[in-house]
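Asker: Data: my_file21.cif, mmCIF, C-alpha atoms.
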```cif
data_structure
loop_
_atom_site.label_atom_id
_atom_site.label_comp_id
_atom_site.auth_asym_id
_atom_site.auth_seq_id
_atom_site.Cartn_x
_atom_site.Cartn_y
_atom_site.Cartn_z
CA MET A 92 -5.80 58.13 11.91
CA GLN A 93 -5.46 55.60 9.10
CA ARG A 94 -2.12 54.12 8.12
CA GLU A 95 -0.84 52.55 4.93
CA PRO A 96 2.16 50.20 5.07
CA LEU A 97 5.34 51.63 3.61
CA VAL A 98 8.48 49.89 2.39
CA PHE A 99 11.89 51.61 2.62
CA VAL A 100 14.60 50.63 0.15
CA GLY A 101 18.11 51.91 0.72
CA THR A 102 21.78 51.25 0.30
CA CYS A 103 24.64 51.52 2.79
CA ASP A 104 26.74 54.30 1.25
CA LEU A 105 30.33 55.51 1.40
CA ALA A 106 29.73 56.98 4.86
CA GLY A 107 28.29 53.69 6.14
CA VAL A 108 24.83 55.31 6.44
CA VAL A 109 21.70 53.75 4.94
CA ARG A 110 19.93 56.18 2.60
CA GLY A 111 17.12 55.64 0.10
CA LYS A 112 13.39 56.14 -0.33
CA GLY A 113 10.05 54.62 0.62
CA PHE A 114 6.92 53.67 -1.31
CA PRO A 115 3.49 52.10 -0.57
CA GLY A 116 3.80 48.46 0.39
CA ALA A 117 1.12 47.51 -2.15
CA GLU A 118 3.56 48.45 -4.91
CA LEU A 119 6.27 46.04 -3.75
CA PRO A 120 5.80 43.34 -6.44
CA GLY A 121 6.09 45.91 -9.22
CA ARG A 122 9.01 47.70 -7.58
CA LEU A 123 10.89 44.41 -7.26
CA ARG A 124 10.70 44.13 -11.05
CA LYS A 125 11.33 47.76 -12.01
CA GLY A 126 13.43 49.01 -9.10
CA ILE A 127 13.42 52.57 -7.78
CA GLY A 128 15.28 55.68 -8.82
CA LEU A 129 18.20 57.01 -6.78
CA THR A 130 19.83 60.36 -7.38
CA HIS A 131 23.51 59.82 -8.18
CA SER A 132 24.65 62.66 -5.94
CA ASN A 133 23.13 60.92 -2.90
CA ILE A 134 26.08 58.54 -2.81
CA MET A 135 28.37 61.48 -1.99
CA MET A 136 26.51 62.67 1.10
CA SER A 137 28.97 62.86 3.96
CA ALA A 138 28.56 61.39 7.43
CA PHE A 139 27.65 64.88 8.66
CA GLY A 140 25.02 65.52 5.97
CA PRO A 141 26.25 67.95 3.30
CA ILE A 142 27.91 66.99 0.04
CA TYR A 143 31.38 68.50 0.47
CA GLU A 144 32.79 67.56 -2.92
CA THR A 145 31.65 66.88 -6.46
CA PRO A 146 29.01 64.15 -6.65
CA TRP A 147 29.81 61.00 -8.62
CA GLU A 148 28.26 57.60 -9.21
CA CYS A 149 29.98 54.80 -7.27
CA CYS A 150 28.42 51.72 -5.69
CA PRO A 151 29.79 50.12 -2.49
CA ARG A 152 27.73 46.97 -3.08
CA ASP A 153 29.22 46.51 -6.54
CA PHE A 154 32.70 46.84 -5.00
CA LEU A 155 31.95 43.68 -2.99
CA ARG A 156 30.19 41.98 -5.89
CA ARG A 157 33.26 42.41 -8.11
CA ALA A 158 35.55 41.15 -5.34
CA LEU A 159 33.52 37.98 -4.95
CA ALA A 160 33.54 37.45 -8.71
CA ALA A 161 37.34 37.82 -8.69
CA LEU A 162 37.61 35.24 -5.88
CA ASP A 163 35.51 32.80 -7.88
CA LYS A 164 37.48 33.40 -11.07
CA GLU A 165 40.89 33.21 -9.41
CA ALA A 166 40.33 30.18 -7.16
CA GLY A 167 36.81 28.83 -7.69
CA LEU A 168 35.94 29.83 -4.12
CA THR A 169 33.23 31.73 -2.32
CA LEU A 170 33.14 33.39 1.08
CA LEU A 171 31.11 32.46 4.15
CA ALA A 172 31.03 35.40 6.57
CA ALA A 173 29.29 37.01 9.53
CA PHE A 174 29.66 40.37 11.26
CA GLU A 175 30.06 40.55 15.04
CA GLN A 176 28.94 44.05 16.02
CA GLU A 177 29.27 46.04 19.25
CA PHE A 178 27.15 49.03 20.22
CA VAL A 179 26.11 51.14 23.18
CA TYR A 180 22.47 50.94 24.29
CA THR A 181 21.32 54.10 26.04
CA GLY A 182 18.47 52.39 27.87
CA VAL A 183 20.66 51.22 30.75
CA GLU A 184 22.73 53.11 33.28
CA ASP A 185 26.44 52.46 33.59
CA ARG A 186 27.29 50.54 36.73
CA PRO A 187 30.78 49.50 37.88
CA GLY A 188 31.44 45.79 37.62
CA ALA A 189 28.72 45.11 35.04
CA THR A 190 31.14 43.87 32.39
CA TYR A 191 29.72 40.68 30.81
CA ALA A 192 27.45 40.46 33.87
CA LEU A 193 23.94 39.15 34.38
CA ASP A 194 23.20 42.54 35.92
CA ALA A 195 23.84 44.30 32.59
CA TRP A 196 21.85 41.61 30.81
CA ARG A 197 18.90 42.02 33.15
CA ARG A 198 18.77 45.80 33.02
CA GLN A 199 18.46 46.03 29.25
CA ASP A 200 14.90 44.80 29.87
CA ALA A 201 12.91 44.13 26.69
CA PHE A 202 15.49 45.42 24.22
CA GLY A 203 17.35 42.13 23.69
CA GLU A 204 14.23 40.03 23.24
CA SER A 205 12.66 42.57 20.89
CA TYR A 206 15.89 42.85 18.92
CA MET A 207 16.22 39.09 18.46
CA ALA A 208 12.61 38.91 17.28
CA ALA A 209 13.19 41.76 14.83
CA LEU A 210 16.27 40.06 13.40
CA ARG A 211 14.42 36.80 12.91
CA ALA A 212 11.45 38.58 11.35
CA ALA A 213 13.88 40.21 8.91
CA GLY A 214 15.14 36.78 7.81
CA LEU A 215 18.36 36.65 9.84
CA THR A 216 19.39 33.89 12.23
CA PRO A 217 20.41 35.35 15.63
CA ASP A 218 23.35 33.60 17.28
CA SER A 219 24.17 35.50 20.48
CA PHE A 220 23.41 38.69 22.40
CA LEU A 221 25.54 39.67 25.38
CA PRO A 222 26.72 42.55 27.56
CA GLU A 223 30.22 43.57 26.52
CA TYR A 224 33.31 45.06 28.14
CA GLY A 225 32.47 48.76 27.76
CA ALA A 226 29.96 50.93 29.60
CA ARG A 227 26.39 50.12 28.45
CA GLN A 228 27.93 48.10 25.63
CA TYR A 229 26.35 45.04 24.02
CA GLU A 230 27.30 42.70 21.22
CA VAL A 231 25.21 40.74 18.74
CA THR A 232 26.21 37.98 16.36
CA ILE A 233 24.25 36.24 13.65
CA ALA A 234 24.77 33.01 11.74
CA PRO A 235 27.20 33.22 8.82
CA THR A 236 25.96 33.39 5.25
CA ARG A 237 27.49 33.62 1.80
CA GLY A 238 28.77 36.40 -0.37
CA LEU A 239 26.79 39.60 -0.76
CA ARG A 240 24.14 38.42 1.66
CA ALA A 241 26.65 38.54 4.53
CA ALA A 242 27.06 42.29 4.08
CA ASP A 243 23.32 42.76 3.48
CA GLU A 244 22.65 41.10 6.83
CA ALA A 245 25.25 43.27 8.57
CA VAL A 246 23.33 46.35 7.43
CA ILE A 247 20.01 44.84 8.52
CA GLN A 248 21.59 43.84 11.84
CA ARG A 249 22.54 47.46 12.60
CA GLU A 250 19.32 49.00 11.43
CA MET A 251 17.16 46.57 13.42
CA ALA A 252 19.08 47.50 16.59
CA ARG A 253 18.51 51.18 15.88
CA ALA A 254 14.85 50.64 15.04
CA VAL A 255 14.09 48.61 18.19
CA ALA A 256 15.94 51.09 20.41
CA HIS A 257 14.03 53.95 18.78
CA ARG A 258 10.70 52.25 19.50
CA LEU A 259 11.78 52.01 23.13
CA GLY A 260 12.70 55.69 23.25
CA GLN A 261 16.45 54.98 23.25
CA ARG A 262 19.42 54.73 20.90
CA ALA A 263 21.72 51.94 19.77
CA ILE A 264 24.99 53.77 19.05
CA PHE A 265 27.47 52.01 16.75
CA ALA A 266 29.99 54.89 16.61
CA PRO A 267 33.61 53.65 16.78
CA ILE A 268 34.09 55.12 20.26
CA LEU A 269 32.06 57.54 22.39
CA ASP A 270 34.75 58.59 24.88
CA PRO A 271 38.37 58.82 23.66
CA ASN A 272 39.45 57.45 27.04
CA GLY A 273 36.91 54.65 27.01
CA VAL A 274 36.25 51.39 25.18
CA GLY A 275 35.35 51.36 21.50
CA ASN A 276 32.74 49.54 19.42
CA GLY A 277 34.29 47.10 16.98
CA THR A 278 32.76 45.39 13.97
CA HIS A 279 34.59 42.09 13.64
CA ILE A 280 34.31 40.16 10.38
CA HIS A 281 34.45 36.37 10.67
CA PHE A 282 35.05 34.49 7.44
CA SER A 283 35.98 31.18 5.85
CA LEU A 284 36.34 29.95 2.28
CA ARG A 285 34.21 27.33 0.50
CA ASP A 286 34.71 25.52 -2.78
CA GLY A 287 32.14 24.99 -5.53
CA ASP A 288 30.63 22.04 -3.66
CA ASP A 289 30.29 24.15 -0.48
CA ARG A 290 33.10 22.34 1.29
CA PRO A 291 35.36 24.29 3.70
CA VAL A 292 38.90 24.65 2.36
CA MET A 293 40.77 26.79 4.91
CA TYR A 294 41.48 24.31 7.70
CA ASP A 295 44.60 22.17 8.04
CA PRO A 296 45.50 21.29 11.66
CA ALA A 297 49.00 20.17 10.65
CA ARG A 298 50.08 23.56 9.27
CA PRO A 299 51.02 26.84 11.01
CA TYR A 300 47.98 28.78 12.21
CA ARG A 301 45.89 25.73 11.13
CA LEU A 302 45.58 27.28 7.68
CA SER A 303 45.58 25.26 4.47
CA PRO A 304 47.78 26.54 1.62
CA VAL A 305 44.93 28.49 -0.01
CA GLY A 306 43.84 29.73 3.41
CA GLU A 307 47.36 30.93 4.11
CA HIS A 308 47.58 32.76 0.77
CA PHE A 309 44.25 34.50 1.39
CA VAL A 310 45.08 35.56 4.95
CA ALA A 311 48.63 36.55 3.97
CA GLY A 312 47.15 38.92 1.40
CA LEU A 313 45.00 40.42 4.12
CA LEU A 314 48.00 40.79 6.44
CA HIS A 315 50.13 42.33 3.70
CA HIS A 316 47.55 45.01 2.92
CA LEU A 317 46.35 45.68 6.47
CA PRO A 318 47.89 49.16 6.90
CA VAL A 319 46.10 50.17 3.68
CA LEU A 320 42.79 48.48 4.48
CA THR A 321 42.28 50.54 7.62
CA ALA A 322 41.35 53.50 5.39
CA VAL A 323 38.35 51.45 4.25
CA THR A 324 37.46 49.36 7.30
CA ALA A 325 38.18 51.98 10.00
CA PRO A 326 37.31 55.03 7.94
CA SER A 327 36.56 57.83 10.41
CA ALA A 328 38.65 60.23 12.46
CA ALA A 329 37.13 58.67 15.59
CA SER A 330 38.18 55.15 14.50
CA TYR A 331 41.76 55.91 15.48
CA CYS A 332 40.77 56.88 19.01
CA ARG A 333 39.69 53.23 19.31
CA LEU A 334 42.78 51.73 17.69
CA ARG A 335 45.09 52.57 20.57
CA PRO A 336 47.06 50.40 23.01
CA ASN A 337 45.33 48.77 25.99
CA ARG A 338 41.83 49.00 24.47
CA TRP A 339 41.46 45.36 23.36
CA ALA A 340 41.67 46.82 19.88
CA PRO A 341 44.39 46.10 17.30
CA THR A 342 47.39 48.40 16.96
CA TRP A 343 49.73 46.17 14.92
CA ALA A 344 49.30 44.43 11.57
CA ASN A 345 49.67 40.97 13.03
CA ILE A 346 48.05 37.54 13.13
CA GLY A 347 47.56 35.49 16.28
CA LEU A 348 46.01 32.24 17.44
CA GLN A 349 43.02 33.08 19.67
CA ASP A 350 44.56 36.50 20.39
CA ARG A 351 41.92 39.19 20.93
CA GLY A 352 44.50 41.93 20.52
CA ALA A 353 45.60 40.77 17.07
CA SER A 354 44.38 42.41 13.88
CA ILE A 355 43.73 38.98 12.40
CA ARG A 356 42.69 36.28 14.82
CA VAL A 357 42.52 32.58 14.11
CA CYS A 358 39.43 31.78 16.14
CA PRO A 359 39.10 29.07 18.77
CA MET A 360 37.07 25.95 18.07
CA PHE A 361 34.91 24.13 20.57
CA GLY A 362 34.17 20.46 21.08
CA SER A 363 35.78 18.37 18.36
CA PRO A 364 37.71 20.74 16.06
CA ASP A 365 36.68 20.44 12.43
CA ALA A 366 36.82 22.34 9.17
CA GLN A 367 33.17 23.35 9.35
CA GLN A 368 33.59 25.60 12.39
CA PHE A 369 37.09 26.89 11.54
CA ASN A 370 37.15 30.61 10.75
CA VAL A 371 39.37 33.68 10.83
CA GLU A 372 38.40 37.06 12.29
CA TYR A 373 39.33 40.47 10.88
CA ARG A 374 39.27 42.90 13.83
CA VAL A 375 40.29 46.28 12.36
CA ALA A 376 36.79 47.43 11.42
CA ASP A 377 33.99 49.52 12.87
CA ALA A 378 30.51 50.69 11.91
CA ALA A 379 31.68 53.91 10.26
CA ALA A 380 32.47 51.60 7.35
CA SER A 381 29.92 50.36 4.86
CA PRO A 382 29.82 46.56 5.32
CA TYR A 383 30.05 46.24 1.53
CA LEU A 384 33.30 48.18 1.41
CA ALA A 385 34.75 46.50 4.51
CA LEU A 386 34.00 42.96 3.36
CA GLY A 387 34.97 43.84 -0.19
CA ALA A 388 38.36 45.09 1.00
CA VAL A 389 38.90 41.82 2.89
CA VAL A 390 38.05 39.78 -0.20
CA TRP A 391 40.09 41.86 -2.63
CA SER A 392 43.20 41.62 -0.45
CA GLY A 393 42.66 37.89 -0.05
CA VAL A 394 42.38 37.46 -3.81
CA ASP A 395 45.66 39.34 -4.17
CA GLY A 396 47.23 36.93 -1.68
CA ILE A 397 46.01 33.90 -3.64
CA ARG A 398 47.08 35.39 -6.96
CA ARG A 399 50.59 36.20 -5.71
CA LYS A 400 50.84 33.13 -3.47
CA ARG A 401 51.73 35.28 -0.48
CA THR A 402 52.86 33.48 2.67
CA LEU A 403 52.61 34.23 6.37
CA PRO A 404 55.62 34.81 8.61
CA ALA A 405 56.48 31.96 10.95
CA PRO A 406 54.66 32.11 14.30
CA PRO A 407 56.78 34.06 16.82
CA SER A 408 58.85 32.02 19.21
CA ARG A 409 57.36 33.86 22.19
CA ASP A 410 54.25 35.81 23.11
CA PHE A 411 53.76 38.74 20.75
CA TRP A 412 52.81 41.09 23.58
CA GLU A 413 56.01 40.32 25.48
CA MET A 414 58.13 41.40 22.50
CA SER A 415 59.59 44.91 22.30
CA HIS A 416 58.69 47.27 19.48
CA GLN A 417 62.13 46.63 18.04
CA GLU A 418 61.62 42.85 18.12
CA ARG A 419 58.27 43.19 16.39
CA ALA A 420 59.78 45.39 13.70
CA ALA A 421 62.64 42.92 13.24
CA ALA A 422 60.04 40.19 12.72
CA GLY A 423 58.44 42.26 9.96
CA VAL A 424 55.37 43.31 11.94
CA ARG A 425 54.21 46.83 11.11
CA PRO A 426 52.18 49.20 13.26
CA LEU A 427 48.74 50.18 12.02
CA PRO A 428 48.18 53.79 10.92
CA ARG A 429 47.67 56.17 13.84
CA SER A 430 45.17 58.41 12.06
CA LEU A 431 42.73 58.41 9.17
CA GLY A 432 44.95 60.86 7.32
CA GLU A 433 47.88 58.44 7.51
CA ALA A 434 45.67 55.55 6.41
CA LEU A 435 44.36 57.52 3.42
CA ASP A 436 47.93 58.38 2.37
CA ARG A 437 48.79 54.68 2.42
CA LEU A 438 45.67 53.87 0.43
CA ALA A 439 46.48 56.55 -2.15
CA ALA A 440 49.91 54.98 -2.69
CA CYS A 441 48.59 51.42 -3.14
CA ALA A 442 48.44 50.38 -6.80
CA GLU A 443 46.51 47.20 -5.99
CA ALA A 444 43.78 49.13 -4.17
CA ARG A 445 43.39 51.41 -7.17
CA GLU A 446 42.72 48.33 -9.30
CA TRP A 447 40.15 47.03 -6.80
CA PHE A 448 38.20 50.28 -6.81
CA GLY A 449 38.83 51.35 -10.39
CA ASP A 450 40.31 54.78 -11.11
CA ARG A 451 37.06 56.73 -10.75
CA PHE A 452 35.87 55.17 -7.51
CA PHE A 453 39.38 55.26 -6.05
CA GLU A 454 39.73 59.01 -6.51
CA VAL A 455 36.15 59.61 -5.33
CA TYR A 456 36.68 57.64 -2.12
CA LEU A 457 39.88 59.51 -1.28
CA GLN A 458 38.23 62.84 -2.06
CA PHE A 459 35.18 61.92 0.03
CA LYS A 460 37.16 60.93 3.12
CA ARG A 461 39.64 63.78 2.96
CA ALA A 462 36.74 66.22 2.82
CA GLU A 463 35.33 64.57 5.97
CA LEU A 464 38.69 65.02 7.70
CA ARG A 465 38.72 68.72 6.88
CA VAL A 466 35.34 69.15 8.58
CA VAL A 467 36.65 67.87 11.95
CA GLU A 468 40.04 69.57 11.64
CA GLY A 469 40.81 71.53 14.81
CA LEU A 470 38.46 69.54 17.04
CA ASP A 471 39.93 67.66 20.00
CA ASP A 472 39.41 63.90 20.40
CA ALA A 473 36.37 64.24 22.65
CA GLU A 474 34.68 66.61 20.21
CA ILE A 475 35.45 64.32 17.28
CA CYS A 476 34.00 61.29 19.09
CA ALA A 477 30.89 63.28 19.98
CA ARG A 478 30.34 64.32 16.36
CA TYR A 479 30.41 60.71 15.16
CA ALA A 480 28.29 59.48 18.07
CA GLU A 481 25.53 61.81 16.89
CA ILE A 482 25.44 60.03 13.52
CA TYR A 483 26.29 56.38 14.09
#
```
Show the structure stored in the file as structure tokens.

Answerer:
Amino acid sequence: MQREPLVFVGTCDLAGVVRGKGFPGAELPGRLRKGIGLTHSNIMMSAFGPIYETPWECCPRDFLRRALAALDKEAGLTLLAAFEQEFVYTGVEDRPGATYALDAWRRQDAFGESYMAALRAAGLTPDSFLPEYGARQYEVTIAPTRGLRAADEAVIQREMARAVAHRLGQRAIFAPILDPNGVGNGTHIHFSLRDGDDRPVMYDPARPYRLSPVGEHFVAGLLHHLPVLTAVTAPSAASYCRLRPNRWAPTWANIGLQDRGASIRVCPMFGSPDAQQFNVEYRVADAAASPYLALGAVVWSGVDGIRRKRTLPAPPSRDFWEMSHQERAAAGVRPLPRSLGEALDRLAACAEAREWFGDRFFEVYLQFKRAELRVVEGLDDAEICARYAEIY
């Protein structure tokens, strides 16, 4: 049987799924000039397949592109970012005590090596690959890159894991959580800001949270909008089975120094601390979100913080997790939404988010996600998690 090389071109859509079309590889030079056609209604395909509502033309990648342009216009800055992604690999059995262990590393066999090679062949720079806390769970990180390319690489990162697992007769499952009583898969976004000369501008060791004034404004915008952003960055019914207490997943709209339970974490630095390695991590995201929408939401909220010169609350006088709910509320810390429906209601009421999306896209996104919620209405948590695990 003869074979002809094919090239697949796709986009990561509103459901966080890559869809597109293929063509003969010999046509690549011409296609790079002319592009390919894409039916507008394709962007409204739901996570479960059908188009539940009226199709409309909206582009997740342009949402991020416009956010980055706003950041440049407002402050003359660009974003350096990388996505840290967790997934379940079906090619290993679950064994007690394998958390972070050499045993779990050894039993994944050729997957890790093949995956790293695939990432490098795709033009990415692998950073780490490790067994994670959950059953059969692994994590991969890649080197940070700038702007749109950071989200492009997050998509490639996921699809290479799925492709390698498929070749090995297995699956790499990025669904937010497989078992509502288990451990979820997070997609953590690490970011820092750079000026026009590519110099880091977020780090100031003498200030609270080690954030410079512009860094504080950006992160304060993110903190202010966090209960709204979850509708974009944790955008599935299953996402909220992960965002529960005692899961090492965020449940409060808070910021913490090196706190893995915080929604926004100021990351540790190793060796001699410096501005080059300083970064902040957004932890309320999963792979049901398009990386373009998730990163775009981070940037838009940060731009709002810079524009309005928002500030962060003073660091708490004692450990956040030793505080009562009443103490947290008194300190101005809000709980995250407990469901996608609640998150969508908050999004719908947010005038700033409407500006970020534009009226048309804003209404389309709300319509799209509310239709998805109706499809899983009446299912219990286990059934909901299973539905999403089939897709992601």

Asker: By how many Å are atom CA of A:Val467 and atom CA of A:Glu454 apart?

Answerer: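 These two atoms are separated by 20.7 Å.
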
Asker: Distance atom CA of A:Cys150-atom CA of A:Leu386, one decimal place?

Answerer: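 These two atoms are separated by 13.8 Å.
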
Asker: Where does the PyMOL selection byres ((chain A and resi 240-257) around 6) land in this file, that is, which residues does it pick, as a PDB file with C-alpha atoms, in the frame of the given file?

Answerer:
```
ATOM      1  CA  ALA A 172      31.030  35.400   6.570  1.00  0.00           C
ATOM      2  CA  ALA A 173      29.290  37.010   9.530  1.00  0.00           C
ATOM      3  CA  PHE A 174      29.660  40.370  11.260  1.00  0.00           C
ATOM      4  CA  THR A 236      25.960  33.390   5.250  1.00  0.00           C
ATOM      5  CA  ARG A 237      27.490  33.620   1.800  1.00  0.00           C
ATOM      6  CA  GLY A 238      28.770  36.400  -0.370  1.00  0.00           C
ATOM      7  CA  LEU A 239      26.790  39.600  -0.760  1.00  0.00           C
ATOM      8  CA  ARG A 258      10.700  52.250  19.500  1.00  0.00           C
ATOM      9  CA  LEU A 259      11.780  52.010  23.130  1.00  0.00           C
ATOM     10  CA  GLY A 260      12.700  55.690  23.250  1.00  0.00           C
ATOM     11  CA  GLN A 261      16.450  54.980  23.250  1.00  0.00           C
ATOM     12  CA  ARG A 262      19.420  54.730  20.900  1.00  0.00           C
ATOM     13  CA  ALA A 263      21.720  51.940  19.770  1.00  0.00           C
ATOM     14  CA  PRO A 382      29.820  46.560   5.320  1.00  0.00           C
ATOM     15  CA  TYR A 383      30.050  46.240   1.530  1.00  0.00           C
TER      16      TYR A 383
END
```

Asker: Near stretch 422-429 of chain A, counting all atoms listed in the file, which residues have an atom at most 7 Å away, once you skip same-chain residues fewer than 3 positions from it, shown as JSON, numbers by chain?

Answerer: {"A": [318, 331, 342, 343, 344, 345, 418, 419, 433, 434]}

Asker: Restrict the selected residues to C-alpha atoms and save them as a PDB file, in the frame of the given file.

Answerer:
```pdb
ATOM      1  CA  PRO A 318      47.890  49.160   6.900  1.00  0.00           C
ATOM      2  CA  TYR A 331      41.760  55.910  15.480  1.00  0.00           C
ATOM      3  CA  THR A 342      47.390  48.400  16.960  1.00  0.00           C
ATOM      4  CA  TRP A 343      49.730  46.170  14.920  1.00  0.00           C
ATOM      5  CA  ALA A 344      49.300  44.430  11.570  1.00  0.00           C
ATOM      6  CA  ASN A 345      49.670  40.970  13.030  1.00  0.00           C
ATOM      7  CA  GLU A 418      61.620  42.850  18.120  1.00  0.00           C
ATOM      8  CA  ARG A 419      58.270  43.190  16.390  1.00  0.00           C
ATOM      9  CA  GLU A 433      47.880  58.440   7.510  1.00  0.00           C
ATOM     10  CA  ALA A 434      45.670  55.550   6.410  1.00  0.00           C
TER      11      ALA A 434
END
```

Asker: Starting from the PyMOL selection byres ((chain A and resi 229-231) around 10), expand the selection into actual residues of this file and give them as a ChimeraX atom specification.

Answerer: /A:174-180,190-191,195-196,199,203,206-207,217-228,232-233,248-249,252,263,276-278

Asker: Nearest residue to A:Trp391 out of A:Ser354, A:Ala161, A:Ser283, A:Pro235, using all atoms listed in the file?

Answerer: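 Counting all atoms listed in the file, the residue closest to A:Trp391 is A:Ala161.
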
Asker: Work out how far atom CA of A:Leu457 is from atom CA of A:Arg333, in Å to one decimal.

Answerer: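 So the two atoms, atom CA of A:Arg333 and atom CA of A:Leu457, lie 21.5 Å apart.
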
Asker: Please list as a PyMOL selection string every residue within 10 Å of A:Val108, counting all atoms listed in the file and excluding residues in the same chain fewer than 5 positions away.

Answerer: chain A and resi 101-103+134+136-138+246+250+378-381+482-483

Asker: Ranking A:Arg374, A:Arg461, A:Lys164, A:Lys125 by minimum distance to A:Ile280 and counting only C-alpha atoms, which one comes first?

Answerer: A:Arg374

Asker: Write out, as CSV, each residue of stretch 351-441 of chain A that has an atom at most 12 Å from stretch 287-290 of chain A, together with the closest pair of atoms and their distance in Å to one decimal, counting all atoms listed in the file, rows going by chain and rising number.

Answerer:
```
residue,atom,partner,partner_atom,distance
A:Asp365,CA,A:Arg290,CA,11.9
A:Ala366,CA,A:Arg290,CA,8.7
A:Gln367,CA,A:Arg290,CA,8.1
A:Gln368,CA,A:Arg290,CA,11.6
A:Phe369,CA,A:Arg290,CA,11.9
```

Asker: Can you translate the PyMOL selection byres ((chain A and resi 431) around 10) into the concrete residues it hits in this file, as a list in words?

Answerer: Thr321, Ala322, Val323, Ala325, Pro326, Ser327, Ala328, Ala329, Ser330, Tyr331, Pro428, Arg429, Ser430, Gly432, Glu433, Ala434, Leu435, Asp436, Arg437, Lys460, Arg461 and Leu464 of chain A

Asker: From the set A:Ile142, A:Ala388, A:Ile346, A:Cys149, which residue has the shortest atom-to-atom contact distance to A:Phe452, counting only C-alpha atoms?

Answerer: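 Closest residue, counting only C-alpha atoms: A:Cys149.
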
Asker: Which residue out of A:Gly140, A:Gly362, A:Gly396, A:Asn370 has the minimum interatomic distance to A:Gln349 when all atoms listed in the file are used?

Answerer: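 Closest residue, counting all atoms listed in the file: A:Asn370.
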
Asker: So, with all atoms listed in the file as the atoms that count, which of A:Leu119, A:Ala189, A:Met135, A:Ile127 lies closest to A:Val455?

Answerer: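 Among the listed residues, A:Met135 lies closest to A:Val455.
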
Asker: List as a VMD selection string: which residues have an atom within 10 Å of (38.6, 50.4, 22.6), counting all atoms listed in the file?

Answerer: chain A and resid 224 to 225 267 to 277 330 to 341

Asker: Which residues, written as a list in words, have at least one atom at most 9 Å from A:Pro304, with all atoms listed in the file counted and residues fewer than 4 positions away on the same chain left out?

Answerer: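 The residues that qualify are Met293, Asp295, Arg298, His308, Phe309, Lys400 and Thr402 of chain A.
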
Asker: Counting all atoms listed in the file, which residue out of A:Phe411, A:Leu384, A:Ala117, A:Ala444 sits closest to A:Leu155?

Answerer: A:Leu384
